[in-house]
$ cat target-v1.txt   # compact mmCIF, C-alpha atoms
# COMPACT_ATOMS: atom_id res chain seq x y z
CA MET A 238 -9.88 19.22 5.78
CA GLN A 239 -11.72 20.48 8.83
CA HIS A 240 -9.55 21.10 11.89
CA ARG A 241 -9.96 18.49 14.59
CA PRO A 242 -9.31 19.45 18.21
CA GLY A 243 -6.59 17.28 19.60
CA ALA A 244 -5.68 15.82 16.20
CA ALA A 245 -2.03 16.81 16.52
CA ARG A 246 -1.82 15.21 19.93
CA ALA A 247 -3.54 12.08 18.58
CA LYS A 248 -0.97 11.83 15.79
CA GLU A 249 1.88 11.76 18.27
CA LYS A 250 0.65 8.38 19.45
CA VAL A 251 0.74 6.91 15.93
CA VAL A 252 3.73 4.89 14.72
CA MET A 253 3.71 4.16 10.99
CA TYR A 254 6.01 1.89 9.00
CA ALA A 255 6.24 3.26 5.47
CA GLY A 256 8.76 3.76 2.69
CA PRO A 257 8.10 3.39 -1.06
CA THR A 258 4.37 4.03 -0.63
CA ILE A 259 4.85 7.43 1.00
CA ALA A 260 8.01 8.48 -0.87
CA PRO A 261 6.37 9.70 -4.13
CA SER A 262 3.59 11.66 -2.43
CA PRO A 263 4.22 15.17 -1.05
CA ARG A 264 0.60 15.13 0.10
CA ALA A 265 1.03 11.97 2.15
CA ARG A 266 4.26 13.27 3.67
CA SER A 267 2.52 16.50 4.64
CA LEU A 268 -0.45 14.66 6.14
CA ALA A 269 1.97 12.47 8.10
CA ARG A 270 3.47 15.39 10.01
CA GLY A 271 3.23 14.50 13.66
CA VAL A 272 3.11 10.77 12.92
CA ARG A 273 6.22 8.85 13.94
CA VAL A 274 7.21 7.45 10.54
CA ARG A 275 9.64 4.54 10.56
CA PRO A 276 11.23 2.55 7.71
CA PRO A 277 9.46 -0.44 6.13
CA VAL A 278 8.79 -2.96 8.87
CA ARG A 279 10.81 -6.14 9.21
CA ARG A 280 10.80 -9.11 11.57
CA GLY A 281 11.34 -7.99 15.14
CA ASP A 282 10.50 -4.31 14.69
CA VAL A 283 7.02 -4.62 16.17
CA ALA A 284 8.26 -6.72 19.08
CA ARG A 285 10.91 -4.12 19.88
CA LEU A 286 8.38 -1.30 19.66
CA ILE A 287 5.90 -2.77 22.12
CA GLN A 288 8.75 -3.55 24.53
CA ALA A 289 10.10 0.00 24.31
CA GLU A 290 6.82 1.92 24.68
CA ARG A 291 5.35 2.49 28.12
CA GLU A 292 1.79 2.75 26.82
CA PRO A 293 0.17 1.21 23.74
CA GLY A 294 -0.85 3.51 20.93
CA VAL A 295 -1.75 3.19 17.26
CA MET A 296 0.47 1.16 14.93
CA VAL A 297 0.10 1.50 11.17
CA ILE A 298 1.80 -1.00 8.89
CA VAL A 299 2.06 0.19 5.29
CA ASP A 300 5.32 -1.12 3.81
CA GLY A 301 7.42 -4.06 4.90
CA VAL A 302 10.41 -6.03 3.69
CA PHE A 303 10.10 -9.68 2.71
CA HIS A 304 12.45 -10.54 -0.13
CA ASP A 305 15.96 -10.45 1.33
CA LYS A 306 14.98 -10.09 5.00
CA LEU A 307 12.41 -11.76 7.22
CA ALA A 308 8.95 -10.21 7.00
CA VAL A 309 7.11 -8.92 10.05
CA GLY A 310 5.73 -11.90 11.92
CA HIS A 311 2.11 -12.71 12.66
CA ALA A 312 2.97 -13.50 16.28
CA GLU A 313 4.49 -10.10 17.01
CA ILE A 314 1.47 -8.30 15.55
CA ARG A 315 -0.81 -10.53 17.62
CA ASP A 316 1.26 -9.68 20.70
CA ALA A 317 0.89 -5.97 19.94
CA ILE A 318 -2.89 -6.32 19.72
CA ASP A 319 -2.95 -8.31 22.96
CA ALA A 320 -0.87 -5.57 24.60
CA GLY A 321 -3.51 -2.97 23.72
CA TRP A 322 -2.15 -1.54 20.49
CA GLU A 323 -4.63 -0.55 17.80
CA VAL A 324 -3.01 -2.03 14.69
CA TRP A 325 -3.95 -0.94 11.16
CA GLY A 326 -2.76 -2.34 7.85
CA LEU A 327 -3.09 -0.92 4.36
CA SER A 328 -1.57 -0.50 0.90
CA SER A 329 1.16 -3.13 0.86
CA MET A 330 2.53 -5.51 3.50
CA GLY A 331 0.03 -3.89 5.85
CA ALA A 332 -2.91 -4.93 3.68
CA ILE A 333 -1.59 -8.49 3.51
CA ARG A 334 -1.24 -8.82 7.26
CA ALA A 335 -4.60 -7.09 7.87
CA ARG A 336 -6.33 -9.68 5.71
CA GLU A 337 -4.58 -12.53 7.53
CA LEU A 338 -5.03 -11.16 11.05
CA ALA A 339 -8.49 -9.60 10.79
CA PRO A 340 -9.96 -12.36 12.99
CA LEU A 341 -7.50 -11.34 15.74
CA GLY A 342 -8.41 -7.66 15.61
CA MET A 343 -6.04 -6.10 13.07
CA ARG A 344 -7.86 -3.43 11.10
CA GLY A 345 -7.64 -3.02 7.33
CA PHE A 346 -8.19 0.08 5.24
CA GLY A 347 -8.40 1.05 1.58
CA ARG A 348 -8.98 -0.36 -1.87
CA VAL A 349 -5.91 -2.60 -1.87
CA PHE A 350 -7.07 -4.22 1.37
CA ASP A 351 -10.57 -4.60 -0.07
CA ARG A 352 -9.19 -6.40 -3.12
CA PHE A 353 -7.30 -8.81 -0.91
CA MET A 354 -10.50 -9.54 0.98
CA GLU A 355 -12.82 -9.81 -2.02
CA GLU A 356 -10.83 -11.29 -4.93
CA GLU A 357 -9.64 -14.89 -4.74
CA ASP A 358 -6.92 -14.45 -7.37
CA PHE A 359 -5.48 -11.33 -5.71
CA GLN A 360 -2.21 -12.66 -4.31
CA ASP A 361 0.55 -11.21 -2.16
CA ASP A 362 2.84 -10.38 -5.08
CA GLU A 363 0.25 -7.87 -6.38
CA VAL A 364 1.80 -5.30 -4.02
CA ALA A 365 5.44 -6.39 -4.27
CA LEU A 366 8.12 -4.14 -5.78
CA LEU A 367 11.82 -3.40 -5.64
CA HIS A 368 12.87 -0.20 -3.89
CA GLU A 369 15.99 1.60 -2.74
CA GLY A 370 17.55 0.17 0.39
CA THR A 371 17.85 3.49 2.19
CA ALA A 372 15.56 6.46 2.82
CA PRO A 373 13.42 7.62 1.13
CA TYR A 374 13.06 4.02 -0.23
CA ARG A 375 11.94 5.11 -3.68
CA ALA A 376 10.37 2.38 -5.81
CA VAL A 377 12.43 0.91 -8.65
CA THR A 378 9.65 -1.26 -10.13
CA GLU A 379 5.88 -0.97 -10.23
CA PRO A 380 3.52 -3.19 -8.21
CA LEU A 381 1.11 -5.31 -10.20
CA VAL A 382 -1.91 -3.78 -8.47
CA HIS A 383 -1.05 -0.41 -10.04
CA LEU A 384 -0.46 -1.90 -13.47
CA ARG A 385 -3.67 -3.91 -13.23
CA THR A 386 -5.62 -0.79 -12.27
CA ALA A 387 -4.23 1.10 -15.28
CA ILE A 388 -5.11 -1.76 -17.62
CA GLU A 389 -8.64 -1.94 -16.20
CA HIS A 390 -8.96 1.79 -16.92
CA LEU A 391 -7.92 1.24 -20.54
CA VAL A 392 -10.56 -1.46 -20.92
CA GLU A 393 -13.26 0.75 -19.38
CA ARG A 394 -12.34 3.53 -21.82
CA GLY A 395 -12.62 1.11 -24.75
CA ILE A 396 -8.96 1.60 -25.66
CA VAL A 397 -7.86 -1.99 -25.09
CA ALA A 398 -9.97 -5.10 -25.65
CA GLU A 399 -10.67 -7.19 -22.56
CA THR A 400 -9.09 -10.27 -24.15
CA ASP A 401 -5.84 -8.36 -24.75
CA ALA A 402 -5.92 -6.91 -21.25
CA THR A 403 -6.42 -10.36 -19.72
CA ALA A 404 -3.45 -11.71 -21.65
CA VAL A 405 -1.17 -8.85 -20.58
CA VAL A 406 -2.17 -9.22 -16.92
CA ALA A 407 -1.51 -12.96 -17.13
CA ASP A 408 1.96 -12.26 -18.55
CA LEU A 409 2.65 -9.76 -15.76
CA LYS A 410 1.52 -12.25 -13.12
CA SER A 411 3.97 -14.81 -14.50
CA GLN A 412 6.89 -12.36 -14.20
CA TRP A 413 9.08 -11.89 -11.16
CA PHE A 414 7.89 -8.75 -9.40
CA GLY A 415 11.30 -7.16 -9.89
CA GLN A 416 10.72 -7.07 -13.65
CA ARG A 417 7.39 -5.25 -13.69
CA THR A 418 7.56 -1.67 -14.96
CA VAL A 419 5.23 0.89 -16.50
CA ARG A 420 7.35 1.03 -19.65
CA GLY A 421 7.32 -2.73 -20.08
CA THR A 422 3.56 -2.84 -19.58
CA ILE A 423 2.99 -0.13 -22.18
CA GLU A 424 5.12 -2.06 -24.66
CA ALA A 425 3.17 -5.26 -23.98
CA LEU A 426 -0.15 -3.48 -24.49
CA VAL A 427 0.99 -1.79 -27.69
CA ARG A 428 2.13 -5.13 -29.13
CA ARG A 429 -1.42 -6.40 -28.76
CA ALA A 430 -3.24 -3.19 -29.70
CA ARG A 431 -1.01 -1.28 -32.13
CA GLU A 432 -3.87 0.80 -33.45
CA ALA A 433 -4.38 2.18 -29.93
CA ALA A 434 -0.71 2.90 -29.24
CA ALA A 435 -1.09 6.68 -29.01
CA ALA A 436 -4.09 6.44 -26.70
CA ILE A 437 -2.37 3.86 -24.49
CA ARG A 438 0.71 6.04 -24.08
CA ARG A 439 -1.41 9.13 -23.42
CA GLU A 440 -3.49 7.48 -20.70
CA MET A 441 -0.49 5.82 -19.06
CA SER A 442 1.54 9.05 -19.00
CA ASP A 443 -0.52 10.22 -16.02
CA PHE A 444 0.28 7.05 -14.10
CA HIS A 445 0.19 8.37 -10.54
CA ARG A 446 -3.63 8.26 -10.62
CA PHE A 447 -3.41 4.45 -10.76
CA ALA A 448 -1.18 4.20 -7.67
CA LEU A 449 -3.76 2.71 -5.31
CA LYS A 450 -1.23 2.00 -2.59
CA THR A 451 -0.30 5.65 -2.26
CA SER A 452 -3.83 6.99 -2.66
CA ASP A 453 -5.00 4.60 0.08
CA LEU A 454 -2.31 6.00 2.36
CA GLU A 455 -3.24 9.60 1.54
CA ARG A 456 -6.89 8.91 2.33
CA PHE A 457 -6.01 7.07 5.54
CA LEU A 458 -3.91 9.96 6.81
CA GLU A 459 -6.57 12.48 5.84
CA GLU A 460 -9.48 10.60 7.43
CA GLN A 461 -7.53 9.49 10.53
CA PRO A 462 -9.89 6.57 11.27
CA TRP A 463 -7.95 5.72 14.43
CA PHE A 464 -8.83 9.17 15.78
CA ARG A 465 -12.56 8.77 15.12
CA LYS A 466 -12.54 5.39 16.80
CA ARG A 467 -11.04 6.95 19.94
CA GLY A 468 -13.75 9.55 20.20
CA GLY A 469 -12.32 12.44 18.16
CA THR A 470 -14.50 15.00 16.43
CA PRO A 471 -14.99 14.17 12.70

$ encode --input "target-v1.txt" --output "structure tokens"
Amino acid sequence: MQHRPGAARAKEKVVMYAGPTIAPSPRARSLARGVRVRPPVRRGDVARLIQAEREPGVMVIVDGVFHDKLAVGHAEIRDAIDAGWEVWGLSSMGAIRARELAPLGMRGFGRVFDRFMEEEDFQDDEVALLHEGTAPYRAVTEPLVHLRTAIEHLVERGIVAETDATAVVADLKSQWFGQRTVRGTIEALVRRAREAAAAIRREMSDFHRFALKTSDLERFLEEQPWFRKRGGTP
């Protein structure tokens, strides 16, 4: 990546809420050096931030809680935008809120956000997962968007028939998000396509390439779109 004058200083003004999306990626963690990384956002965090900071900066929402705690509220994000913050959302809770608050000025980024905007059946639980309750917030289950992406790859390669893939995705959608795993998905695919079992396991063994949430974050941190918007040198 080409060096950008002032990029380090620009990063210091960025506050990012992230946990399970950044945890498995050494690249994302390296790119985030200089960014003020905070735990997955919850209700009240954004309100407290804008009250505590003297000047508005860039806020990036990646991960956020929602299952056992109140999710970040629309009103507090709206208040941040009104107060002059440049608010971005991507990958997970951030992509959800960016879709919902785009008319108010929240900015979305990445393929997960694009799917929320373009696909009617792409629902909030596509990005949901269980993760550890303390840092580094490693994921315990796999989000449906990753599993769906892997299954689409198998169809494109001609390894799994589209009818079988559709059935497996439908079964996954009917499950509680805390039950979705790579292993369980492989087993479901193999039950429907036993003759392709070896190929399915081989393709799924390199699963990190299907992790859209993390790859969106890596690309966001590399491209620094907030910096370009503020007049930085690309």

$ residues_around --input "target-v1.txt" --residues "region 255-260 of chain A" --least-positions-apart "4" --cutoff "7 Å" --atoms "all atoms listed in the file" --output "JSON, numbers by chain"
{"A": [265, 266, 274, 275, 276, 277, 299, 300, 368, 373, 374, 375, 376, 450, 451]}

$ residues_around --input "target-v1.txt" --residues "Ala407 (chain A)" --least-positions-apart "4" --cutoff "12 Å" --atoms "all atoms listed in the file" --output "list in words"
Asp358, Leu381, Leu384, Arg385, Ile388, Thr400, Asp401, Ala402, Thr403, Ser411, Gln412, Thr422 and Ala425 of chain A

$ closest_residue --input "target-v1.txt" --among "A:Leu307, A:Leu454, A:Trp463, A:Arg438" --to "Ala269 (chain A)" --atoms "all atoms listed in the file"
A:Leu454

$ residues_around --input "target-v1.txt" --residues "Gln416 (chain A)" --least-positions-apart "3" --cutoff "10 Å" --atoms "all atoms listed in the file" --output "mmCIF file with C-alpha atoms, keeping the file's coordinate frame"
data_model
loop_
_atom_site.group_PDB
_atom_site.id
_atom_site.type_symbol
_atom_site.label_atom_id
_atom_site.label_comp_id
_atom_site.auth_asym_id
_atom_site.auth_seq_id
_atom_site.Cartn_x
_atom_site.Cartn_y
_atom_site.Cartn_z
ATOM 1 C CA LEU A 366 8.120 -4.140 -5.780
ATOM 2 C CA LEU A 367 11.820 -3.400 -5.640
ATOM 3 C CA VAL A 377 12.430 0.910 -8.650
ATOM 4 C CA THR A 378 9.650 -1.260 -10.130
ATOM 5 C CA GLU A 379 5.880 -0.970 -10.230
ATOM 6 C CA PRO A 380 3.520 -3.190 -8.210
ATOM 7 C CA LEU A 409 2.650 -9.760 -15.760
ATOM 8 C CA GLN A 412 6.890 -12.360 -14.200
ATOM 9 C CA TRP A 413 9.080 -11.890 -11.160
ATOM 10 C CA GLY A 421 7.320 -2.730 -20.080
#

$ atom_distance --input "target-v1.txt" --atom1 "CA of Arg264 (chain A)" --atom2 "CA of Phe464 (chain A)"
19.2 Å

$ atom_distance --input "target-v1.txt" --atom1 "CA of Gly342 (chain A)" --atom2 "CA of Glu357 (chain A)"
21.6 Å

$ residues_near_point --input "target-v1.txt" --point "(8.6, -7.8, 12.6)" --cutoff "7 Å" --atoms "all atoms listed in the file" --output "number ranges by chain"
A: 278-284, 308-310, 313

$ residues_around --input "target-v1.txt" --residues "Trp322 (chain A)" --least-positions-apart "6" --cutoff "7 Å" --atoms "all atoms listed in the file" --output "VMD selection string"
chain A and resid 293 to 296
